[in-house]
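Engineer: Enclosed is the structure file my_file-v9.txt (compact mmCIF, C-alpha atoms and all ligand atoms).
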```
# COMPACT_ATOMS: atom_id res chain seq x y z
CA MET A 1 24.75 29.38 -9.50
CA SER A 2 27.65 29.95 -7.18
CA SER A 3 25.72 30.40 -3.97
CA ILE A 4 24.75 26.74 -3.64
CA ASN A 5 28.00 25.23 -4.84
CA SER A 6 29.39 23.97 -1.56
CA ALA A 7 26.36 21.74 -1.01
CA GLN A 8 26.09 20.77 -4.65
CA SER A 9 29.60 19.37 -4.56
CA GLU A 10 28.31 16.76 -2.05
CA GLY A 11 26.25 14.88 -4.61
CA PRO A 12 27.56 12.23 -6.99
CA SER A 13 26.76 14.34 -10.05
CA GLY A 14 27.63 17.58 -8.29
CA TYR A 15 23.95 18.23 -7.65
CA ARG A 16 21.54 16.79 -5.10
CA GLN A 17 18.50 15.79 -7.10
CA ALA A 18 15.05 16.47 -5.71
CA VAL A 19 13.08 13.29 -5.05
CA GLU A 20 9.54 12.14 -5.68
CA LEU A 21 7.33 11.81 -2.61
CA GLU A 22 4.42 9.39 -2.49
CA PHE A 23 1.72 8.99 0.12
CA ALA A 24 0.32 5.47 -0.39
CA GLU A 25 -2.90 5.03 1.59
CA ALA A 26 -1.08 6.69 4.50
CA THR A 27 -3.22 6.56 7.62
CA LYS A 28 -2.80 7.84 11.17
CA ARG A 29 -4.92 6.83 14.11
CA TYR A 30 -3.84 8.41 17.36
CA PRO A 31 -4.05 6.07 20.35
CA GLY A 32 -7.34 6.35 22.20
CA THR A 33 -9.21 7.89 19.27
CA ASP A 34 -11.92 6.24 17.20
CA SER A 35 -11.51 8.07 13.94
CA ALA A 36 -8.41 8.56 11.82
CA ALA A 37 -6.58 11.91 11.82
CA VAL A 38 -5.32 11.09 8.30
CA ASP A 39 -7.38 8.55 6.42
CA GLY A 40 -5.90 6.60 3.49
CA LEU A 41 -4.09 9.55 1.97
CA SER A 42 -2.76 8.78 -1.50
CA LEU A 43 -0.99 11.33 -3.66
CA THR A 44 2.31 11.75 -5.46
CA VAL A 45 4.41 14.89 -5.43
CA PRO A 46 6.71 14.88 -8.47
CA ALA A 47 10.37 15.74 -7.82
CA GLY A 48 10.95 19.49 -7.71
CA GLU A 49 7.31 20.50 -7.18
CA ILE A 50 5.53 22.26 -4.32
CA CYS A 51 2.53 20.40 -2.92
CA VAL A 52 0.44 22.50 -0.55
CA LEU A 53 -1.65 20.73 2.07
CA VAL A 54 -4.57 22.95 2.95
CA GLY A 55 -7.82 22.57 4.84
CA PRO A 56 -9.68 23.63 7.97
CA SER A 57 -8.22 23.36 11.47
CA GLY A 58 -7.86 19.76 12.62
CA CYS A 59 -8.13 18.21 9.14
CA GLY A 60 -4.79 16.42 9.54
CA LYS A 61 -2.35 18.65 7.60
CA THR A 62 0.41 18.64 10.22
CA THR A 63 -0.10 14.95 10.97
CA ALA A 64 0.25 14.10 7.26
CA MET A 65 3.41 16.19 6.99
CA ARG A 66 5.04 14.81 10.13
CA MET A 67 4.55 11.23 9.05
CA VAL A 68 6.94 11.98 6.17
CA ASN A 69 9.95 12.49 8.47
CA ARG A 70 8.64 10.00 11.04
CA MET A 71 8.05 12.58 13.75
CA ILE A 72 4.70 10.79 13.81
CA ASP A 73 4.47 7.04 13.17
CA ILE A 74 2.36 5.81 10.28
CA SER A 75 -0.49 3.53 11.48
CA ASP A 76 -1.32 2.03 8.06
CA GLY A 77 -0.25 2.43 4.48
CA ASP A 78 3.12 3.92 3.62
CA ILE A 79 5.07 6.99 2.55
CA LEU A 80 7.82 6.66 -0.04
CA VAL A 81 10.64 9.17 -0.42
CA GLY A 82 12.54 8.63 -3.67
CA GLY A 83 10.74 5.30 -4.01
CA LYS A 84 11.85 4.05 -0.57
CA SER A 85 9.52 3.50 2.37
CA VAL A 86 10.26 5.85 5.27
CA LYS A 87 9.17 3.07 7.63
CA HIS A 88 12.42 1.18 7.18
CA ARG A 89 14.67 4.19 7.47
CA ASN A 90 16.61 5.22 10.54
CA ALA A 91 14.55 8.19 11.79
CA ASP A 92 17.52 10.43 12.67
CA GLU A 93 19.18 9.82 9.36
CA LEU A 94 15.94 10.44 7.51
CA ARG A 95 15.38 13.77 9.29
CA ARG A 96 18.83 14.98 8.34
CA GLU A 97 17.90 14.45 4.70
CA ILE A 98 14.63 16.32 4.96
CA GLY A 99 14.59 20.08 5.54
CA TYR A 100 11.98 21.18 8.08
CA VAL A 101 10.67 24.71 8.59
CA ILE A 102 8.03 25.60 11.15
CA GLN A 103 6.30 28.72 12.35
CA GLN A 104 8.30 30.88 14.77
CA ILE A 105 9.79 28.61 17.39
CA GLY A 106 12.27 27.01 15.03
CA LEU A 107 15.50 28.81 15.95
CA PHE A 108 17.70 28.09 18.97
CA PRO A 109 17.62 31.38 20.94
CA HIS A 110 21.07 31.01 22.54
CA ARG A 111 22.85 30.24 19.31
CA THR A 112 23.98 32.79 16.72
CA ILE A 113 22.36 32.90 13.31
CA ALA A 114 25.45 31.19 11.84
CA ASP A 115 25.27 28.40 14.44
CA ASN A 116 21.56 27.97 13.83
CA ILE A 117 22.09 27.61 10.08
CA ALA A 118 25.00 25.22 10.66
CA THR A 119 22.98 22.77 12.79
CA VAL A 120 22.67 19.92 10.28
CA PRO A 121 26.06 20.38 8.53
CA ARG A 122 27.68 20.12 11.97
CA LEU A 123 25.77 16.89 12.68
CA LEU A 124 26.96 15.62 9.32
CA GLY A 125 30.55 16.34 10.32
CA TRP A 126 31.38 18.98 7.70
CA SER A 127 34.66 20.85 8.21
CA LYS A 128 34.57 24.30 9.84
CA ALA A 129 35.69 26.01 6.65
CA LYS A 130 33.04 24.30 4.60
CA ILE A 131 30.32 25.14 7.13
CA ASN A 132 31.43 28.76 7.18
CA ASP A 133 31.30 28.97 3.36
CA ARG A 134 27.86 27.39 3.32
CA VAL A 135 26.48 29.74 6.00
CA HIS A 136 27.58 32.79 4.03
CA GLU A 137 26.26 31.42 0.75
CA LEU A 138 22.90 30.78 2.37
CA LEU A 139 22.73 34.24 3.95
CA GLU A 140 23.29 35.65 0.48
CA LEU A 141 20.71 33.31 -1.03
CA ILE A 142 18.03 34.44 1.42
CA GLY A 143 19.02 38.09 1.07
CA LEU A 144 20.46 38.79 4.54
CA PRO A 145 23.75 40.68 5.02
CA SER A 146 26.75 38.62 6.17
CA GLU A 147 27.10 40.58 9.41
CA MET A 148 23.85 39.03 10.63
CA ALA A 149 25.73 35.74 11.05
CA THR A 150 26.92 36.74 14.54
CA ARG A 151 23.57 38.04 15.78
CA TYR A 152 21.08 36.11 17.92
CA PRO A 153 17.50 35.33 16.84
CA THR A 154 15.95 38.00 19.10
CA GLN A 155 18.03 40.63 17.28
CA LEU A 156 16.20 39.92 14.01
CA SER A 157 12.74 40.84 12.77
CA GLY A 158 10.10 38.12 12.45
CA GLY A 159 10.53 38.04 8.67
CA GLN A 160 14.31 37.80 8.96
CA ARG A 161 13.97 34.95 11.45
CA GLN A 162 11.73 33.04 9.05
CA ARG A 163 14.31 33.52 6.28
CA VAL A 164 16.95 32.08 8.62
CA GLY A 165 14.61 29.16 9.30
CA VAL A 166 14.46 28.50 5.55
CA ALA A 167 18.28 28.82 5.27
CA ARG A 168 18.75 26.35 8.12
CA ALA A 169 16.44 23.84 6.44
CA LEU A 170 18.39 24.24 3.18
CA ALA A 171 21.82 24.01 4.80
CA ALA A 172 22.64 20.43 3.86
CA ASP A 173 20.86 20.79 0.51
CA PRO A 174 18.09 18.28 1.31
CA PRO A 175 16.20 16.87 -1.66
CA LEU A 176 12.90 17.28 0.20
CA MET A 177 11.59 20.10 2.42
CA LEU A 178 8.65 20.13 4.80
CA MET A 179 7.28 23.59 5.62
CA ASP A 180 4.56 23.88 8.27
CA GLU A 181 2.85 27.29 8.09
CA PRO A 182 6.32 28.83 7.58
CA PHE A 183 5.00 32.35 7.08
CA GLY A 184 1.96 32.03 9.35
CA ALA A 185 3.19 34.43 12.04
CA ILE A 186 4.23 37.18 9.62
CA ASP A 187 2.05 40.22 8.85
CA PRO A 188 0.27 40.10 5.46
CA ILE A 189 2.59 42.50 3.61
CA ASN A 190 5.81 40.83 4.69
CA ARG A 191 4.21 37.46 4.18
CA GLU A 192 3.59 38.26 0.51
CA ARG A 193 7.19 39.37 0.19
CA LEU A 194 8.47 36.14 1.76
CA GLN A 195 6.19 34.09 -0.49
CA SER A 196 7.54 35.73 -3.64
CA GLU A 197 11.13 35.49 -2.42
CA PHE A 198 10.62 31.85 -1.66
CA LEU A 199 9.11 31.16 -5.10
CA ARG A 200 12.12 32.86 -6.72
CA LEU A 201 14.45 30.77 -4.59
CA GLN A 202 12.54 27.59 -5.46
CA ALA A 203 12.88 28.37 -9.18
CA GLU A 204 16.65 28.05 -8.60
CA ILE A 205 16.85 25.19 -6.12
CA ARG A 206 13.91 23.08 -7.32
CA LYS A 207 13.34 21.07 -4.15
CA THR A 208 10.39 18.79 -3.62
CA ILE A 209 8.33 20.66 -1.04
CA VAL A 210 5.34 19.87 1.15
CA PHE A 211 3.90 23.14 2.41
CA VAL A 212 1.15 23.26 5.04
CA THR A 213 -1.17 26.24 5.35
CA HIS A 214 -4.78 26.89 6.33
CA ASP A 215 -4.89 29.89 3.98
CA ILE A 216 -6.33 29.06 0.55
CA ASP A 217 -4.85 32.22 -1.00
CA GLU A 218 -1.38 31.19 0.13
CA ALA A 219 -2.04 27.69 -1.22
CA ILE A 220 -3.05 29.08 -4.63
CA ARG A 221 0.02 31.28 -4.72
CA MET A 222 2.60 28.72 -3.61
CA GLY A 223 1.36 25.38 -4.93
CA ASP A 224 2.20 23.60 -8.15
CA LYS A 225 -0.52 21.33 -6.81
CA ILE A 226 -2.87 21.71 -3.87
CA ALA A 227 -4.20 18.89 -1.71
CA ILE A 228 -7.40 19.96 0.03
CA LEU A 229 -8.14 17.89 3.13
CA GLN A 230 -11.44 17.57 4.95
CA VAL A 231 -11.76 17.03 8.68
CA GLY A 232 -11.17 13.33 9.27
CA GLY A 233 -8.04 13.54 7.14
CA LYS A 234 -9.73 12.64 3.87
CA LEU A 235 -8.40 14.03 0.62
CA ALA A 236 -11.12 16.12 -1.05
CA GLN A 237 -9.13 17.13 -4.14
CA TYR A 238 -5.55 17.08 -5.39
CA ALA A 239 -5.00 19.26 -8.43
CA SER A 240 -3.33 22.40 -9.78
CA PRO A 241 -4.56 25.76 -8.43
CA SER A 242 -6.38 26.66 -11.65
CA GLU A 243 -8.01 23.23 -11.86
CA ILE A 244 -9.27 23.62 -8.28
CA LEU A 245 -10.58 27.12 -9.00
CA LEU A 246 -12.21 26.05 -12.24
CA HIS A 247 -13.48 22.64 -11.29
CA PRO A 248 -13.87 22.20 -7.53
CA ALA A 249 -14.43 18.48 -6.96
CA ASN A 250 -17.35 18.89 -4.57
CA ALA A 251 -19.35 21.32 -2.46
CA PHE A 252 -16.76 21.22 0.35
CA VAL A 253 -13.95 22.36 -1.97
CA GLU A 254 -16.19 24.97 -3.58
CA ASP A 255 -17.03 26.37 -0.20
CA PHE A 256 -13.43 26.22 1.05
CA VAL A 257 -12.07 27.98 -2.03
CA GLY A 258 -14.60 30.76 -1.53
CA ALA A 259 -17.17 32.68 -3.48
CA ASP A 260 -14.51 34.86 -5.13
CA ARG A 261 -12.86 32.01 -6.98
CA ALA A 262 -13.38 33.75 -10.35
CA LEU A 263 -11.22 36.64 -9.12
CA LYS A 264 -8.67 34.23 -7.68
CA ARG A 265 -8.42 32.57 -11.05
CA LEU A 266 -7.75 35.95 -12.69
CA ALA A 267 -4.94 36.44 -10.15
CA LEU A 268 -3.19 33.38 -11.59
CA LEU A 269 -3.01 34.65 -15.16
CA ARG A 270 -1.24 37.48 -16.95
CA VAL A 271 -2.33 39.35 -20.06
CA SER A 272 0.50 37.56 -21.91
CA ASP A 273 -1.22 34.23 -21.15
CA ILE A 274 -4.15 35.21 -23.39
CA PRO A 275 -3.70 33.97 -26.97
CA ARG A 276 -3.14 36.95 -29.30
CA ASP A 277 -6.20 36.09 -31.39
CA GLN A 278 -8.39 36.63 -28.33
CA LEU A 279 -7.21 40.22 -28.00
CA GLY A 280 -9.23 42.56 -30.22
CA THR A 281 -7.74 45.33 -32.36
CA ALA A 282 -6.27 48.10 -30.20
CA ASN A 283 -8.62 51.08 -30.13
CA GLY A 284 -7.86 53.27 -27.15
CA GLY A 285 -8.60 52.95 -23.47
CA PRO A 286 -6.06 52.86 -20.64
CA GLU A 287 -2.69 51.27 -21.36
CA ILE A 288 -2.22 47.71 -20.01
CA ALA A 289 1.30 46.24 -19.95
CA HIS A 290 1.42 42.71 -21.39
CA ASP A 291 2.78 41.25 -18.13
CA THR A 292 -0.07 42.66 -15.99
CA ILE A 293 -1.90 40.14 -13.80
CA LEU A 294 -5.47 39.85 -15.11
CA ARG A 295 -7.05 40.72 -11.77
CA ASP A 296 -5.07 44.00 -11.75
CA ALA A 297 -6.00 44.67 -15.39
CA LEU A 298 -9.67 44.29 -14.47
CA SER A 299 -9.30 46.57 -11.49
CA ASP A 300 -7.54 49.21 -13.69
CA LEU A 301 -10.30 49.11 -16.28
CA LEU A 302 -13.00 49.43 -13.63
CA GLN A 303 -11.17 52.33 -11.99
CA HIS A 304 -10.96 54.14 -15.33
CA GLY A 305 -14.62 53.39 -15.99
CA GLU A 306 -13.58 51.77 -19.29
CA LEU A 307 -14.77 48.54 -20.90
CA HIS A 308 -11.52 47.97 -22.80
CA GLY A 309 -7.84 48.87 -22.61
CA ARG A 310 -4.87 48.99 -24.99
CA VAL A 311 -2.42 46.13 -24.44
CA VAL A 312 1.22 47.11 -25.02
CA ASP A 313 4.34 44.95 -25.27
CA GLU A 314 7.67 45.59 -23.54
CA HIS A 315 8.52 48.25 -26.17
CA GLY A 316 5.29 50.13 -25.55
CA THR A 317 3.86 49.02 -28.92
CA ALA A 318 0.11 48.38 -28.93
CA ILE A 319 -0.57 44.70 -29.60
CA GLY A 320 -4.29 44.46 -29.01
CA SER A 321 -7.30 45.34 -26.93
CA LEU A 322 -8.42 43.68 -23.69
CA THR A 323 -12.10 43.91 -22.84
CA VAL A 324 -13.96 43.42 -19.57
CA GLU A 325 -16.03 40.84 -21.43
CA THR A 326 -12.90 38.80 -22.26
CA LEU A 327 -11.84 38.99 -18.61
CA ALA A 328 -15.26 37.83 -17.43
CA ARG A 329 -15.11 34.91 -19.85
CA LEU A 330 -11.60 33.92 -18.69
CA ALA A 331 -12.67 34.05 -15.05
CA LYS A 332 -15.32 31.45 -15.80
CA ALA A 333 -13.40 29.52 -18.48
N1 LIG A 401 -1.01 13.66 19.71
C1 LIG A 401 -2.29 13.57 19.40
N2 LIG A 401 -3.11 12.73 20.03
C2 LIG A 401 -4.41 12.63 19.68
N3 LIG A 401 -4.99 13.34 18.70
C3 LIG A 401 -4.23 14.20 18.04
C4 LIG A 401 -2.83 14.37 18.34
N4 LIG A 401 -2.33 15.30 17.49
C5 LIG A 401 -3.35 15.70 16.70
N5 LIG A 401 -4.49 15.03 17.02
C6 LIG A 401 -5.81 15.18 16.36
O1 LIG A 401 -5.66 14.81 15.01
C7 LIG A 401 -6.43 15.65 14.17
C8 LIG A 401 -5.52 16.30 13.13
O2 LIG A 401 -4.61 17.18 13.77
P1 LIG A 401 -3.53 18.02 12.96
O3 LIG A 401 -2.73 18.80 13.94
O4 LIG A 401 -2.82 17.13 12.03
O5 LIG A 401 -4.47 18.99 12.11
P2 LIG A 401 -4.14 20.31 11.29
O6 LIG A 401 -4.92 20.23 10.05
O7 LIG A 401 -2.67 20.45 11.16
O8 LIG A 401 -4.74 21.44 12.24
P3 LIG A 401 -4.37 22.98 12.46
O9 LIG A 401 -4.61 23.68 11.16
O10 LIG A 401 -5.33 23.40 13.51
O11 LIG A 401 -2.93 23.01 12.90
C9 LIG A 401 -7.11 16.64 15.08
O12 LIG A 401 -8.41 16.19 15.34
C10 LIG A 401 -6.27 16.61 16.33
O13 LIG A 401 -7.04 16.90 17.47
```
Starting from the coordinates I provided, produce the structure as structure tokens.
Ligand SMILES: Nc1ncnc2c1ncn2[C@@H]1O[C@H](COP(=O)(O)OP(=O)(O)OP(=O)(O)O)[C@@H](O)[C@H]1O
Structural biologist:
Amino acid sequence: MSSINSAQSEGPSGYRQAVELEFAEATKRYPGTDSAAVDGLSLTVPAGEICVLVGPSGCGKTTAMRMVNRMIDISDGDILVGGKSVKHRNADELRREIGYVIQQIGLFPHRTIADNIATVPRLLGWSKAKINDRVHELLELIGLPSEMATRYPTQLSGGQRQRVGVARALAADPPLMLMDEPFGAIDPINRERLQSEFLRLQAEIRKTIVFVTHDIDEAIRMGDKIAILQVGGKLAQYASPSEILLHPANAFVEDFVGADRALKRLALLRVSDIPRDQLGTANGGPEIAHDTILRDALSDLLQHGELHGRVVDEHGTAIGSLTVETLARLAKA
């Protein structure tokens, strides 16, 4: 894909590989406190996956994330990026290799959008021409017109600023990205749009990402895996979104995920995920496209006051029947 070529050409194979990230009993005790803010956190994020850290306020999400790029020192245990301990790395160098996106205050107000995006490439000593190419590629990648390059952050909407924050973090094509509530200050509708845009982008760039949020719905949407932390920085569960919705590890997770976890599970699946032999023979009812999200299919059926609908493929051909009973079973499966 042409839009990330100038950074790709940096790597030995023409492509900067994502790296595995491992927390190995990572612990943080702030000076003057009795209890740990992060307590023996162990989990591995495979290269190219999104790990969402989620949990109530004060559970240690930001502390865990900031230990990765050494903005916060590790008290005990270790964190390995690409198999190497971050403890023995030069902190400045390490930070240049790790993209970092935070809520709101990330951009330099007196620098243009282009200058903001170019921050790390400039530190790395890239040529002006190369930086310019990269800035315009990134603007295209995040869906902003080129003329925005000369604007200042206050001349952009909140959503546009967050996109620029993502572009800046991606500028030097880091193999690992840390994102701390990146869409937290955006209204719910634009937030959903940014989430989907980011997932589309991630499907192309396949970075290893640690994403902090306190919003379980955002975690379910964004995470390949979710790490749920309890206050005291203890890991309550680390698993895929559907595993967490289906099999919460304990009462804390069950409570945190919420009473509507059956509906949340339906939001993760599409009609096309149901094996054909579980769809009955088509016999009327409202039409349901095969790529409909199951939660929407259920809501359609209920709105029509029907107990089953006719599933159609991309050509409009009926391929089976979807019943409310099947949906109820899948929600609990
Ligand atoms: N610099 C510090 N000195 C002492 N304690 C701190 C410091 N920073 C954070 N803490 C404490 O460590 C714990 C974890 O904080 P942290 O900011 O990592 O939580 P969080 O899950 O990111 O919270 P939130 O969702 O509210 O941002 C909290 O109890 C917090 O008060």
Engineer: Would you compute the distance between atom CA of His304 of chain A and atom CA of Glu325 of chain A? Give it in Å to one decimal.
Structural biologist: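 Computing it gives 15.5 Å between the two atoms.
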Engineer: Determine, using only C-alpha atoms and all ligand atoms, which residues of chain A have any atom at most 9 Å from an atom of ligand LIG 401 (chain A), and tabulate each with its shortest atom pair and distance in Å to one decimal place, rows ordered by chain and then rising number, as a Markdown table.
Structural biologist:
```
| residue | atom | partner | partner_atom | distance |
| --- | --- | --- | --- | --- |
| A:Lys28 | CA | A:LIG401 | O1 | 8.5 |
| A:Arg29 | CA | A:LIG401 | N3 | 8.0 |
| A:Tyr30 | CA | A:LIG401 | C2 | 4.8 |
| A:Pro31 | CA | A:LIG401 | C2 | 6.6 |
| A:Gly32 | CA | A:LIG401 | C2 | 7.4 |
| A:Thr33 | CA | A:LIG401 | C2 | 6.8 |
| A:Ser35 | CA | A:LIG401 | O12 | 8.8 |
| A:Ala36 | CA | A:LIG401 | O1 | 7.5 |
| A:Ala37 | CA | A:LIG401 | O1 | 4.4 |
| A:Val38 | CA | A:LIG401 | C8 | 7.1 |
| A:Leu53 | CA | A:LIG401 | O6 | 8.6 |
| A:Val54 | CA | A:LIG401 | O6 | 7.6 |
| A:Gly55 | CA | A:LIG401 | O6 | 6.4 |
| A:Pro56 | CA | A:LIG401 | O9 | 6.0 |
| A:Ser57 | CA | A:LIG401 | O10 | 3.5 |
| A:Gly58 | CA | A:LIG401 | O5 | 3.5 |
| A:Cys59 | CA | A:LIG401 | O6 | 3.9 |
| A:Gly60 | CA | A:LIG401 | O4 | 3.3 |
| A:Lys61 | CA | A:LIG401 | O6 | 3.9 |
| A:Thr62 | CA | A:LIG401 | O7 | 3.7 |
| A:Thr63 | CA | A:LIG401 | O4 | 3.6 |
| A:Ala64 | CA | A:LIG401 | O4 | 6.4 |
| A:Met65 | CA | A:LIG401 | O4 | 8.1 |
| A:Arg66 | CA | A:LIG401 | O4 | 8.4 |
| A:Ile72 | CA | A:LIG401 | N1 | 8.7 |
| A:Asp180 | CA | A:LIG401 | O7 | 8.5 |
| A:Glu181 | CA | A:LIG401 | O11 | 8.7 |
| A:Val212 | CA | A:LIG401 | O7 | 7.7 |
| A:Thr213 | CA | A:LIG401 | O9 | 7.2 |
| A:His214 | CA | A:LIG401 | O9 | 5.8 |
| A:Leu229 | CA | A:LIG401 | O6 | 8.0 |
| A:Gln230 | CA | A:LIG401 | O6 | 8.7 |
| A:Val231 | CA | A:LIG401 | O12 | 7.5 |
| A:Gly232 | CA | A:LIG401 | C7 | 7.2 |
| A:Gly233 | CA | A:LIG401 | C8 | 7.1 |
```
Engineer: May I ask which of the residues A:Arg200, A:Lys234, A:Lys332, A:His308 is the closest one to Lys264 of chain A, counting only C-alpha atoms?
Structural biologist: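 Using only C-alpha atoms, Lys264 of chain A sits closest to A:Lys332.
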Engineer: Measuring atom to atom with only C-alpha atoms, identify which of A:Leu302, A:Val86, A:Ala47, A:Leu322 is nearest to Leu279 of chain A.
Structural biologist: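 Closest residue, counting only C-alpha atoms: A:Leu322.
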Engineer: Counting only C-alpha atoms, figure out which residue out of A:Asp215, A:Glu137, A:Asp187, A:Glu93 gets nearest to Pro174 of chain A.
Structural biologist: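 Residue with the minimum atom-to-atom distance to Pro174 of chain A: A:Glu93.
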Engineer: Excluding His136 of chain A and any residue of its chain fewer than 4 positions from it, enumerate the residues within 10 Å of it, using all atoms listed in the file, and give them as a list of chain:residue names.
Structural biologist: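 Counting only the stated atoms, we get A:Ser3, A:Ala114, A:Ile117, A:Ile131, A:Asn132, A:Glu140, A:Leu141, A:Leu144, A:Pro145, A:Ser146, A:Glu147, A:Met148, A:Ala149.
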Engineer: Quick one: pull the distance between atom CA of Arg191 of chain A and atom CA of Gly158 of chain A, Å, one decimal.
Structural biologist: 10.2 Å
Engineer: Would you please work out which residue, of A:Leu178, A:Ile216, A:Ile189, A:Ala267, is nearest to Val253 of chain A when using only C-alpha atoms?
Structural biologist: A:Ile216
Engineer: Given the point (-3.8, 37.1, -23.1) in the coordinates of this file, which residues lie within 10 Å, counting all atoms listed in the file, and how would they look as a VMD selection string?
Structural biologist: chain A and resid 269 to 279 290 to 294 311 320 to 322 326 to 327 330
Engineer: Would you write out those residues with C-alpha atoms, as a short mmCIF file (atom, residue, chain, number, x, y, z; two decimals), keeping the file's coordinate frame?
Structural biologist:
```
data_model
loop_
_atom_site.label_atom_id
_atom_site.label_comp_id
_atom_site.auth_asym_id
_atom_site.auth_seq_id
_atom_site.Cartn_x
_atom_site.Cartn_y
_atom_site.Cartn_z
CA LEU A 269 -3.01 34.65 -15.16
CA ARG A 270 -1.24 37.48 -16.95
CA VAL A 271 -2.33 39.35 -20.06
CA SER A 272 0.50 37.56 -21.91
CA ASP A 273 -1.22 34.23 -21.15
CA ILE A 274 -4.15 35.21 -23.39
CA PRO A 275 -3.70 33.97 -26.97
CA ARG A 276 -3.14 36.95 -29.30
CA ASP A 277 -6.20 36.09 -31.39
CA GLN A 278 -8.39 36.63 -28.33
CA LEU A 279 -7.21 40.22 -28.00
CA HIS A 290 1.42 42.71 -21.39
CA ASP A 291 2.78 41.25 -18.13
CA THR A 292 -0.07 42.66 -15.99
CA ILE A 293 -1.90 40.14 -13.80
CA LEU A 294 -5.47 39.85 -15.11
CA VAL A 311 -2.42 46.13 -24.44
CA GLY A 320 -4.29 44.46 -29.01
CA SER A 321 -7.30 45.34 -26.93
CA LEU A 322 -8.42 43.68 -23.69
CA THR A 326 -12.90 38.80 -22.26
CA LEU A 327 -11.84 38.99 -18.61
CA LEU A 330 -11.60 33.92 -18.69
#
```
Engineer: Can you tell me how far atom CA of Ile142 of chain A sits from atom CA of Gln195 of chain A, in Å to one decimal?
Structural biologist: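 Separation of atom CA of Ile142 of chain A and atom CA of Gln195 of chain A: 12.0 Å.
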Engineer: Would you mind telling me which residue in A:Pro188, A:Gly106, A:Pro121, A:Gly280 lies nearest to Arg163 of chain A when using all atoms listed in the file?
Structural biologist: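 That would be A:Gly106, the residue with the smallest distance to Arg163 of chain A.
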Engineer: For Asp76 of chain A, please output as number ranges by chain all residues within 8 Å (counting only C-alpha atoms; exclusion window: fewer than 5 positions along the same chain).
Structural biologist: A: 25-28, 40
Engineer: So that I have them on file, write out the residues from the current selection with C-alpha atoms, as a PDB file, keeping the file's coordinate frame.
Structural biologist:
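The new file out-v4.pdb reads:
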```pdb
ATOM      1  CA  GLU A  25      -2.900   5.030   1.590  1.00  0.00           C
ATOM      2  CA  ALA A  26      -1.080   6.690   4.500  1.00  0.00           C
ATOM      3  CA  THR A  27      -3.220   6.560   7.620  1.00  0.00           C
ATOM      4  CA  LYS A  28      -2.800   7.840  11.170  1.00  0.00           C
ATOM      5  CA  GLY A  40      -5.900   6.600   3.490  1.00  0.00           C
TER       6      GLY A  40
END
```
Engineer: I'd like the neighbourhood of Ser157 of chain A as a list in words, where a residue qualifies if any of its atoms comes within 12 Å (using all atoms listed in the file), though same-chain residues fewer than 4 positions away should be ignored.
Structural biologist: Gln104, Leu144, Met148, Arg151, Tyr152, Pro153, Arg161, Gln162, Arg163, Val164, Ala185, Ile186, Asp187 and Asn190 of chain A
Engineer: Smallest atom-to-atom distance to Asn283 of chain A: which of A:Ile319, A:Ala297, A:Pro109, A:Glu254, using all atoms listed in the file?
Structural biologist: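 Ranking A:Ile319, A:Ala297, A:Pro109, A:Glu254 by distance to Asn283 of chain A, first place goes to A:Ile319.
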Engineer: Could segment 226-236 of chain A be completed with N, CA and C atoms and written as a CSV table (one decimal), in the frame of the given file, please?
Structural biologist:
```csv
chain,number,residue,atom,x,y,z
A,226,ILE,N,-2.3,21.5,-5.2
A,226,ILE,CA,-2.9,21.7,-3.9
A,226,ILE,C,-3.6,20.5,-3.5
A,227,ALA,N,-3.4,20.0,-2.2
A,227,ALA,CA,-4.2,18.9,-1.7
A,227,ALA,C,-5.1,19.5,-0.7
A,228,ILE,N,-6.4,19.4,-0.9
A,228,ILE,CA,-7.4,20.0,0.0
A,228,ILE,C,-7.9,18.8,0.9
A,229,LEU,N,-7.7,18.9,2.2
A,229,LEU,CA,-8.1,17.9,3.1
A,229,LEU,C,-9.4,18.3,3.9
A,230,GLN,N,-10.2,17.3,4.1
A,230,GLN,CA,-11.4,17.6,5.0
A,230,GLN,C,-11.2,17.0,6.3
A,231,VAL,N,-11.9,17.6,7.3
A,231,VAL,CA,-11.8,17.0,8.7
A,231,VAL,C,-12.0,15.5,8.6
A,232,GLY,N,-11.1,14.8,9.4
A,232,GLY,CA,-11.2,13.3,9.3
A,232,GLY,C,-10.0,12.9,8.4
A,233,GLY,N,-9.2,13.9,7.9
A,233,GLY,CA,-8.0,13.5,7.1
A,233,GLY,C,-8.3,12.9,5.8
A,234,LYS,N,-9.4,13.2,5.2
A,234,LYS,CA,-9.7,12.6,3.9
A,234,LYS,C,-9.4,13.6,2.8
A,235,LEU,N,-8.8,13.2,1.7
A,235,LEU,CA,-8.4,14.0,0.6
A,235,LEU,C,-9.6,14.4,-0.2
A,236,ALA,N,-9.9,15.7,-0.3
A,236,ALA,CA,-11.1,16.1,-1.0
A,236,ALA,C,-10.8,16.4,-2.5
```
